[in-house]
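Okay, my_file-v1.txt now, which holds compact mmCIF, C-alpha atoms:
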```txt
# COMPACT_ATOMS: atom_id res chain seq x y z
CA MET A 1 10.51 19.48 4.17
CA SER A 2 9.14 17.08 1.55
CA GLU A 3 10.67 13.63 1.25
CA ASN A 4 9.92 11.02 -1.41
CA SER A 5 10.99 7.41 -1.23
CA VAL A 6 9.95 3.96 -2.41
CA GLU A 7 10.22 0.70 -0.53
CA HIS A 8 8.88 -2.86 -0.42
CA SER A 9 7.44 -4.02 2.91
CA GLN A 10 5.69 -7.31 3.64
CA GLY A 11 5.27 -7.85 -0.09
CA VAL A 12 3.65 -4.42 -0.56
CA HIS A 13 5.03 -1.69 -2.85
CA VAL A 14 5.01 1.56 -0.85
CA VAL A 15 5.64 5.12 -2.04
CA HIS A 16 6.19 7.79 0.64
CA SER A 17 5.66 11.51 -0.05
CA GLY A 18 5.87 14.50 2.28
CA SER A 19 7.47 14.83 5.69
CA ARG A 20 7.73 11.68 7.82
CA GLN A 21 6.98 13.90 10.82
CA ALA A 22 3.54 14.86 9.44
CA ALA A 23 0.29 13.00 10.17
CA PRO A 24 0.21 9.80 8.06
CA LEU A 25 -2.35 9.36 5.28
CA LEU A 26 -2.69 5.97 3.54
CA LEU A 27 -4.03 5.83 -0.04
CA ILE A 28 -5.61 2.58 -1.32
CA HIS A 29 -6.49 2.29 -5.03
CA GLY A 30 -9.40 0.48 -6.68
CA SER A 31 -9.94 -2.63 -8.82
CA GLY A 32 -7.07 -3.62 -11.07
CA ALA A 33 -5.36 -0.23 -10.68
CA SER A 34 -2.27 0.77 -8.69
CA GLY A 35 -0.96 3.53 -6.46
CA ALA A 36 -0.11 5.47 -9.62
CA CYS A 37 -3.76 6.59 -9.82
CA TRP A 38 -3.10 9.05 -6.96
CA ALA A 39 -0.32 10.97 -8.73
CA PRO A 40 -2.31 14.19 -9.41
CA MET A 41 -3.49 14.42 -5.77
CA ILE A 42 -0.28 13.62 -3.93
CA PRO A 43 1.52 17.01 -4.17
CA ALA A 44 -1.35 18.83 -2.42
CA LEU A 45 -1.80 16.09 0.20
CA ALA A 46 1.96 15.91 0.88
CA GLU A 47 2.05 19.57 1.89
CA ARG A 48 0.26 18.59 5.11
CA HIS A 49 0.67 14.82 5.44
CA HIS A 50 3.10 11.95 5.31
CA VAL A 51 1.38 10.37 2.29
CA VAL A 52 1.70 6.61 1.86
CA ALA A 53 0.46 5.31 -1.50
CA ILE A 54 0.51 1.53 -1.91
CA ASP A 55 -0.06 -1.04 -4.62
CA LEU A 56 -2.44 -3.59 -3.11
CA PRO A 57 -0.98 -7.11 -2.80
CA GLY A 58 -1.10 -8.90 -6.16
CA LEU A 59 -1.38 -5.62 -8.09
CA GLY A 60 1.05 -3.07 -9.54
CA HIS A 61 4.56 -3.68 -8.20
CA SER A 62 3.46 -5.66 -5.11
CA ASP A 63 4.06 -9.38 -4.71
CA PRO A 64 1.57 -11.90 -6.19
CA VAL A 65 -1.16 -13.36 -3.98
CA THR A 66 -3.27 -16.49 -4.25
CA SER A 67 -6.52 -14.72 -3.31
CA TYR A 68 -7.96 -11.21 -3.59
CA ASP A 69 -10.43 -11.81 -0.76
CA ILE A 70 -11.12 -8.38 0.80
CA PRO A 71 -10.53 -9.31 4.47
CA ALA A 72 -7.27 -11.04 3.47
CA GLN A 73 -6.14 -7.95 1.55
CA ALA A 74 -6.96 -5.75 4.55
CA ALA A 75 -5.00 -8.08 6.84
CA ARG A 76 -1.97 -7.82 4.52
CA VAL A 77 -2.21 -4.03 4.57
CA ALA A 78 -2.42 -4.10 8.38
CA THR A 79 0.77 -6.19 8.51
CA MET A 80 2.51 -3.59 6.33
CA ILE A 81 1.27 -0.72 8.54
CA ASP A 82 2.57 -2.53 11.64
CA ALA A 83 5.93 -3.33 10.02
CA LEU A 84 6.48 0.32 9.07
CA ASP A 85 5.03 1.63 12.35
CA LEU A 86 2.67 3.94 10.45
CA GLY A 87 -0.50 3.66 12.53
CA PRO A 88 -2.82 4.98 13.67
CA LEU A 89 -3.63 6.90 10.50
CA THR A 90 -6.31 8.23 8.14
CA VAL A 91 -7.09 5.83 5.28
CA VAL A 92 -8.40 6.96 1.88
CA GLY A 93 -9.87 4.33 -0.45
CA HIS A 94 -10.94 4.86 -4.06
CA SER A 95 -13.74 2.67 -5.46
CA SER A 96 -13.19 -0.93 -4.27
CA GLY A 97 -10.17 0.34 -2.34
CA GLY A 98 -12.89 1.56 0.00
CA TYR A 99 -13.77 -2.08 0.72
CA VAL A 100 -10.21 -2.85 1.81
CA THR A 101 -10.28 0.38 3.84
CA THR A 102 -13.54 -0.64 5.51
CA SER A 103 -12.30 -4.17 6.23
CA LEU A 104 -9.10 -2.73 7.71
CA ALA A 105 -11.18 -0.61 10.10
CA GLU A 106 -13.31 -3.65 10.98
CA GLN A 107 -10.29 -5.83 11.75
CA ARG A 108 -7.91 -3.29 13.25
CA PRO A 109 -9.76 -0.24 14.59
CA ASP A 110 -6.58 0.60 16.52
CA LEU A 111 -4.88 1.45 13.21
CA VAL A 112 -7.58 3.72 11.73
CA THR A 113 -8.33 7.22 13.02
CA SER A 114 -10.68 8.24 10.16
CA LEU A 115 -11.86 7.02 6.75
CA VAL A 116 -12.34 8.65 3.37
CA LEU A 117 -14.26 6.72 0.69
CA LEU A 118 -14.09 8.05 -2.88
CA SER A 119 -16.64 6.64 -5.37
CA THR A 120 -17.12 3.51 -3.25
CA GLY A 121 -20.31 1.68 -4.22
CA PRO A 122 -22.25 0.85 -1.04
CA ARG A 123 -23.84 -2.42 -2.23
CA MET A 124 -24.27 -4.47 -5.41
CA GLU A 125 -27.75 -3.06 -6.04
CA ALA A 126 -26.16 0.37 -6.66
CA LEU A 127 -24.10 -0.92 -9.61
CA LEU A 128 -25.29 0.64 -12.87
CA PRO A 129 -25.45 -1.14 -16.27
CA GLN A 130 -21.89 -1.00 -17.53
CA ARG A 131 -20.81 0.62 -20.79
CA ALA A 132 -20.09 -1.65 -23.76
CA ILE A 133 -16.30 -1.31 -23.62
CA ILE A 134 -16.26 -2.27 -19.93
CA ARG A 135 -18.42 -5.33 -20.63
CA ALA A 136 -16.15 -6.32 -23.53
CA LEU A 137 -13.01 -6.04 -21.37
CA SER A 138 -14.27 -7.69 -18.20
CA GLY A 139 -17.01 -10.19 -19.01
CA PRO A 140 -17.68 -13.33 -21.03
CA PRO A 141 -17.60 -14.25 -23.79
CA LEU A 142 -15.19 -11.60 -25.12
CA GLY A 143 -13.35 -10.63 -21.94
CA ARG A 144 -10.43 -13.05 -22.05
CA LEU A 145 -9.78 -12.44 -25.76
CA THR A 146 -10.17 -8.66 -25.55
CA TRP A 147 -7.92 -8.56 -22.45
CA ALA A 148 -5.15 -10.45 -24.24
CA LEU A 149 -5.29 -8.11 -27.25
CA ARG A 150 -5.74 -4.79 -25.45
CA SER A 151 -3.42 -1.95 -26.36
CA ASP A 152 -2.48 1.06 -24.23
CA LYS A 153 -5.04 3.01 -26.27
CA LEU A 154 -7.80 0.51 -25.42
CA ILE A 155 -6.85 0.56 -21.72
CA ARG A 156 -7.05 4.36 -21.73
CA LYS A 157 -10.41 4.18 -23.49
CA GLY A 158 -11.68 1.67 -20.92
CA ILE A 159 -10.69 3.81 -17.93
CA ASN A 160 -12.06 6.95 -19.58
CA ALA A 161 -15.40 5.15 -20.03
CA THR A 162 -15.82 5.34 -16.23
CA CYS A 163 -15.11 9.09 -16.24
CA ALA A 164 -17.45 12.00 -16.97
CA VAL A 165 -14.62 14.26 -18.17
CA PRO A 166 -11.58 13.29 -20.28
CA VAL A 167 -8.54 12.60 -18.11
CA ASP A 168 -4.80 12.48 -18.79
CA LEU A 169 -3.91 9.06 -17.40
CA PRO A 170 -0.42 8.53 -15.90
CA ASP A 171 1.73 6.23 -18.09
CA GLU A 172 2.73 4.25 -14.97
CA LEU A 173 -0.94 3.49 -14.26
CA ILE A 174 -1.47 2.20 -17.81
CA ALA A 175 1.60 -0.03 -17.52
CA ASP A 176 0.42 -1.41 -14.17
CA VAL A 177 -3.07 -2.16 -15.53
CA ARG A 178 -1.58 -3.81 -18.63
CA GLY A 179 0.46 -6.15 -16.41
CA LEU A 180 -2.59 -7.61 -14.64
CA PRO A 181 -3.69 -11.06 -15.93
CA TYR A 182 -7.34 -11.40 -16.94
CA ARG A 183 -8.13 -14.13 -14.41
CA ASP A 184 -6.73 -11.95 -11.61
CA PHE A 185 -8.89 -9.00 -12.67
CA VAL A 186 -11.99 -11.22 -12.71
CA ASP A 187 -11.03 -12.60 -9.27
CA VAL A 188 -10.67 -9.04 -7.90
CA LEU A 189 -14.19 -8.17 -9.13
CA ARG A 190 -15.62 -11.42 -7.73
CA CYS A 191 -14.10 -10.84 -4.28
CA ASN A 192 -15.36 -7.24 -4.26
CA GLY A 193 -18.86 -8.45 -5.04
CA GLU A 194 -18.74 -11.12 -2.33
CA TYR A 195 -17.70 -8.59 0.31
CA ILE A 196 -20.53 -6.12 -0.35
CA SER A 197 -23.11 -8.85 -1.02
CA GLU A 198 -22.40 -10.33 2.40
CA ARG A 199 -23.04 -6.93 4.00
CA GLY A 200 -23.27 -3.40 2.62
CA VAL A 201 -20.48 -0.91 3.37
CA PRO A 202 -22.75 1.62 5.17
CA GLU A 203 -24.01 -1.10 7.53
CA ARG A 204 -20.46 -2.22 8.23
CA LEU A 205 -19.30 1.32 8.99
CA ALA A 206 -22.36 2.12 11.12
CA GLN A 207 -21.04 -0.46 13.59
CA LEU A 208 -17.71 1.35 13.90
CA ASP A 209 -17.02 4.58 15.76
CA VAL A 210 -14.79 6.20 13.14
CA PRO A 211 -15.15 9.59 11.40
CA LEU A 212 -16.16 9.20 7.75
CA LEU A 213 -15.98 11.36 4.62
CA VAL A 214 -17.71 10.06 1.48
CA VAL A 215 -17.00 11.74 -1.87
CA PHE A 216 -18.97 10.77 -4.99
CA GLY A 217 -18.99 12.08 -8.53
CA ALA A 218 -22.53 13.24 -9.30
CA ALA A 219 -22.10 11.85 -12.85
CA ASP A 220 -20.56 8.49 -11.85
CA PRO A 221 -21.43 6.01 -14.66
CA ARG A 222 -20.39 2.95 -12.60
CA TRP A 223 -22.26 3.35 -9.31
CA ASP A 224 -25.57 5.17 -8.89
CA PRO A 225 -24.58 8.60 -7.48
CA ALA A 226 -27.83 8.68 -5.48
CA SER A 227 -26.54 5.67 -3.51
CA ALA A 228 -24.04 7.97 -1.75
CA LYS A 229 -26.83 9.03 0.58
CA GLU A 230 -26.94 5.47 1.98
CA TYR A 231 -23.83 6.36 3.98
CA ALA A 232 -25.98 8.71 6.06
CA VAL A 233 -26.65 5.73 8.38
CA VAL A 234 -23.11 6.27 9.67
CA ARG A 235 -23.20 8.72 12.57
CA ASP A 236 -21.87 12.18 11.60
CA ALA A 237 -20.81 10.96 8.15
CA ARG A 238 -19.99 13.79 5.78
CA ILE A 239 -21.17 13.21 2.19
CA GLU A 240 -19.87 15.39 -0.65
CA MET A 241 -21.02 15.28 -4.29
CA LEU A 242 -18.80 16.58 -7.11
CA PRO A 243 -20.97 17.97 -9.95
CA GLY A 244 -19.99 16.85 -13.45
CA ILE A 245 -17.46 14.29 -12.18
CA GLY A 246 -17.56 10.54 -12.85
CA HIS A 247 -16.09 7.52 -11.10
CA VAL A 248 -12.36 8.28 -11.06
CA THR A 249 -12.34 11.25 -8.67
CA PRO A 250 -8.55 11.22 -8.01
CA LEU A 251 -7.89 11.78 -11.72
CA GLU A 252 -10.97 13.76 -12.78
CA ALA A 253 -11.01 16.24 -9.90
CA PRO A 254 -7.70 15.94 -8.04
CA GLU A 255 -7.67 19.50 -6.69
CA ARG A 256 -11.25 19.43 -5.40
CA THR A 257 -10.87 15.93 -3.98
CA ALA A 258 -7.59 16.76 -2.24
CA ALA A 259 -9.12 19.94 -0.78
CA LEU A 260 -12.01 17.92 0.69
CA VAL A 261 -9.61 15.35 2.18
CA LEU A 262 -7.41 18.07 3.71
CA GLU A 263 -10.40 19.90 5.14
CA PHE A 264 -11.65 16.64 6.66
CA THR A 265 -8.29 15.64 8.18
CA ALA A 266 -7.74 19.14 9.59
```

For the file at hand, write its structure as structure tokens.
Amino acid sequence: MSENSVEHSQGVHVVHSGSRQAAPLLLIHGSGASGACWAPMIPALAERHHVVAIDLPGLGHSDPVTSYDIPAQAARVATMIDALDLGPLTVVGHSSGGYVTTSLAEQRPDLVTSLVLLSTGPRMEALLPQRAIIRALSGPPLGRLTWALRSDKLIRKGINATCAVPVDLPDELIADVRGLPYRDFVDVLRCNGEYISERGVPERLAQLDVPLLVVFGAADPRWDPASAKEYAVVRDARIEMLPGIGHVTPLEAPERTAALVLEFTA
């Protein structure tokens, strides 16, 4: 039986889908986004799992935070998992959500049975030159002004610039992105960069004994798709490339991505 409910726990906005008796699966979104980015994947995942999609602290409908430091975000997520008695569980992170996922496994290996990283750049050196609209929205000197003036249409155009195929973006996701202040978005990006500059994700995960699935779009315009092979340093890591798909795998290829996750968790 499928159950859907929404709650607020430890300052975190949580959406439950699927049977509470099924194996839990936690979904963590990427930079400046929200749990709404998972909408196209959730029905398939909820057939086999108790799916828990969150808005990271400070983002979407979750409570504000004073810092977006990755280890601090992971610690907040761990507190939520403990409060709801969800662990141990499989954690799926998209893009920089994979950094929070990795940090969670570093801090609380007791909570994490396996990891799935979707389009998660392994280190700063893998970041590609960004498209003009992304630079205009996120960087000086235009960023602050462009951010203040951005319309829903511009937000959609910005997200689509990271895709290889046109996507139909959920209205809730657009609203959540529109609600994020510019300085917070810049702080999120800065904290992401600090985490992977200190130590690359593959090196971090190689120290942990946790099953890993990495999924990358072979046409990702944000992170060099060839960098996915860096995760091979993790013992028994499974690396899957999606031909013709860009950075936003949950929206560009929800069926294929969900099928890979379900095969991995089976």

Counting all atoms listed in the file, which residues in region 183-241 of chain A sit no more than 8 Å from region 111-135 of chain A? For each one, give the nearest pair of atoms and the distance in Å, sorted by chain then residue number, as CSV.
```
residue,atom,partner,partner_atom,distance
A:Gly193,CA,A:Met124,CA,6.7
A:Ile196,CA,A:Arg123,CA,5.3
A:Ser197,CA,A:Met124,CA,6.3
A:Arg199,CA,A:Arg123,CA,7.7
A:Gly200,CA,A:Arg123,CA,5.0
A:Val201,CA,A:Pro122,CA,5.1
A:Pro202,CA,A:Pro122,CA,6.3
A:Val210,CA,A:Ser114,CA,5.5
A:Pro211,CA,A:Ser114,CA,4.8
A:Leu212,CA,A:Leu115,CA,4.9
A:Leu213,CA,A:Val116,CA,4.7
A:Val214,CA,A:Leu117,CA,4.9
A:Val215,CA,A:Leu118,CA,4.8
A:Phe216,CA,A:Ser119,CA,4.8
A:Gly217,CA,A:Ser119,CA,6.7
A:Asp220,CA,A:Ser119,CA,7.8
A:Pro221,CA,A:Leu128,CA,6.9
A:Arg222,CA,A:Leu128,CA,5.4
A:Trp223,CA,A:Leu127,CA,4.7
A:Asp224,CA,A:Ala126,CA,5.3
A:Ser227,CA,A:Ala126,CA,6.2
A:Ala228,CA,A:Pro122,CA,7.4
A:Glu230,CA,A:Pro122,CA,7.2
A:Tyr231,CA,A:Pro122,CA,7.6
```

**Q.** Nearest to Leu104 (chain A), chosen from A:Ile245, A:Ile174, A:Val52, A:Ile28, with all atoms listed in the file counted in the distances
**A.** A:Ile28

Mind dumping a table of every region 119-228 of chain A residue within 9 Å of region 57-79 of chain A, with the nearest atom pair and its distance in Å to one decimal, using all atoms listed in the file, sorted by chain and rising number, as a Markdown table?
```
| residue | atom | partner | partner_atom | distance |
| --- | --- | --- | --- | --- |
| A:Leu173 | CA | A:Gly60 | CA | 8.3 |
| A:Ala175 | CA | A:Gly60 | CA | 8.6 |
| A:Asp176 | CA | A:Gly60 | CA | 5.0 |
| A:Val177 | CA | A:Gly60 | CA | 7.3 |
| A:Gly179 | CA | A:Gly60 | CA | 7.6 |
| A:Leu180 | CA | A:Leu59 | CA | 7.0 |
| A:Asp184 | CA | A:Tyr68 | CA | 8.1 |
| A:Asp187 | CA | A:Tyr68 | CA | 6.6 |
| A:Val188 | CA | A:Tyr68 | CA | 5.5 |
| A:Leu189 | CA | A:Tyr68 | CA | 8.9 |
| A:Arg190 | CA | A:Asp69 | CA | 8.7 |
| A:Cys191 | CA | A:Asp69 | CA | 5.2 |
| A:Asn192 | CA | A:Ile70 | CA | 6.7 |
| A:Glu194 | CA | A:Asp69 | CA | 8.5 |
| A:Tyr195 | CA | A:Ile70 | CA | 6.6 |
```

Q: Mind giving me the straight-line distance from CA of Leu86 (chain A) to CA of Ala33 (chain A) in Å, one decimal?
A: 23.0 Å

Q. Residues at most 8 Å from Leu169 (chain A), counting only C-alpha atoms, excluding those fewer than 2 positions away in the same chain, as a list in words?
A. Cys37, Arg156, Val167, Asp171, Leu173, Ile174 and Leu251 of chain A

Box for region 255-263 of chain A - axis-aligned, 5 Å on each of the six sides, all listed atoms - centre and size in Å to one decimal, as JSON.
```
{"center_x": -9.7, "center_y": 17.6, "center_z": -0.8, "size_x": 14.6, "size_y": 14.6, "size_z": 21.8}
```

Q) What does the distance between CA of Arg144 (chain A) and CA of Pro170 (chain A) come to in Å, to one decimal place? A)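 Taking CA of Arg144 (chain A) and CA of Pro170 (chain A), their separation equals 24.6 Å.
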
**Q.** Separation of CA of Asn160 (chain A) from CA of Pro40 (chain A) in Å
**A.**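 Straight-line distance from CA of Pro40 (chain A) to CA of Asn160 (chain A) works out to 15.8 Å.
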
Q: Write out as a ChimeraX atom specification the residues lying within 8 Å of Met80 (chain A), counting all atoms listed in the file and excluding same-chain residues fewer than 3 positions away.
A: /A:9-10,12,76-77,83-84

(Q) So, with only C-alpha atoms as the atoms that count, which of A:Leu145, A:Pro243, A:Ala39, A:Thr265 lies closest to Pro24 (chain A)? (A) A:Thr265

Since the input is missing atoms, can you rebuild all heavy atoms for region 52-63 of chain A and write them as a compact mmCIF listing (two decimals), keeping the file's coordinate frame?
```
# COMPACT_ATOMS: atom_id res chain seq x y z
N VAL A 52 1.24 7.97 2.13
CA VAL A 52 1.70 6.61 1.86
C VAL A 52 0.77 6.00 0.81
O VAL A 52 -0.38 5.68 1.10
CB VAL A 52 1.69 5.75 3.14
CG1 VAL A 52 2.22 4.35 2.85
CG2 VAL A 52 2.47 6.43 4.26
N ALA A 53 1.26 5.89 -0.42
CA ALA A 53 0.46 5.31 -1.50
C ALA A 53 0.97 3.90 -1.78
O ALA A 53 2.16 3.71 -2.01
CB ALA A 53 0.56 6.16 -2.77
N ILE A 54 0.08 2.92 -1.73
CA ILE A 54 0.51 1.53 -1.91
C ILE A 54 -0.09 0.92 -3.18
O ILE A 54 -1.10 1.41 -3.70
CB ILE A 54 0.11 0.66 -0.70
CG1 ILE A 54 -1.42 0.56 -0.56
CG2 ILE A 54 0.76 1.17 0.58
CD1 ILE A 54 -1.89 -0.49 0.44
N ASP A 55 0.56 -0.13 -3.66
CA ASP A 55 -0.06 -1.04 -4.62
C ASP A 55 -0.59 -2.20 -3.78
O ASP A 55 0.18 -2.82 -3.03
CB ASP A 55 0.97 -1.59 -5.62
CG ASP A 55 1.49 -0.53 -6.59
OD1 ASP A 55 0.95 0.59 -6.60
OD2 ASP A 55 2.45 -0.85 -7.32
N LEU A 56 -1.88 -2.48 -3.88
CA LEU A 56 -2.44 -3.59 -3.11
C LEU A 56 -1.72 -4.90 -3.47
O LEU A 56 -1.27 -5.08 -4.61
CB LEU A 56 -3.93 -3.73 -3.39
CG LEU A 56 -4.85 -2.75 -2.64
CD1 LEU A 56 -6.27 -2.83 -3.17
CD2 LEU A 56 -4.83 -3.02 -1.13
N PRO A 57 -1.61 -5.82 -2.52
CA PRO A 57 -0.98 -7.11 -2.80
C PRO A 57 -1.57 -7.76 -4.06
O PRO A 57 -2.78 -7.78 -4.24
CB PRO A 57 -1.29 -7.92 -1.55
CG PRO A 57 -1.37 -6.89 -0.45
CD PRO A 57 -2.02 -5.70 -1.11
N GLY A 58 -0.68 -8.26 -4.93
CA GLY A 58 -1.10 -8.90 -6.16
C GLY A 58 -1.26 -7.94 -7.32
O GLY A 58 -1.48 -8.37 -8.46
N LEU A 59 -1.15 -6.63 -7.06
CA LEU A 59 -1.38 -5.62 -8.09
C LEU A 59 -0.17 -4.68 -8.20
O LEU A 59 0.62 -4.57 -7.26
CB LEU A 59 -2.65 -4.83 -7.78
CG LEU A 59 -3.93 -5.68 -7.66
CD1 LEU A 59 -5.05 -4.87 -7.04
CD2 LEU A 59 -4.33 -6.23 -9.03
N GLY A 60 -0.06 -4.01 -9.36
CA GLY A 60 1.05 -3.07 -9.54
C GLY A 60 2.40 -3.74 -9.33
O GLY A 60 2.68 -4.79 -9.90
N HIS A 61 3.22 -3.16 -8.46
CA HIS A 61 4.56 -3.68 -8.20
C HIS A 61 4.62 -4.54 -6.93
O HIS A 61 5.71 -4.91 -6.50
CB HIS A 61 5.55 -2.51 -8.06
CG HIS A 61 5.63 -1.64 -9.28
ND1 HIS A 61 6.32 -2.00 -10.42
CD2 HIS A 61 5.07 -0.44 -9.56
CE1 HIS A 61 6.20 -1.05 -11.33
NE2 HIS A 61 5.44 -0.10 -10.84
N SER A 62 3.48 -4.82 -6.32
CA SER A 62 3.46 -5.66 -5.11
C SER A 62 3.55 -7.14 -5.48
O SER A 62 3.33 -7.53 -6.62
CB SER A 62 2.19 -5.38 -4.30
OG SER A 62 2.24 -4.10 -3.71
N ASP A 63 3.89 -7.95 -4.48
CA ASP A 63 4.06 -9.38 -4.71
C ASP A 63 2.74 -10.06 -5.06
O ASP A 63 1.68 -9.62 -4.60
CB ASP A 63 4.65 -10.04 -3.46
CG ASP A 63 6.08 -9.62 -3.19
OD1 ASP A 63 6.67 -8.91 -4.05
OD2 ASP A 63 6.61 -9.99 -2.13
```
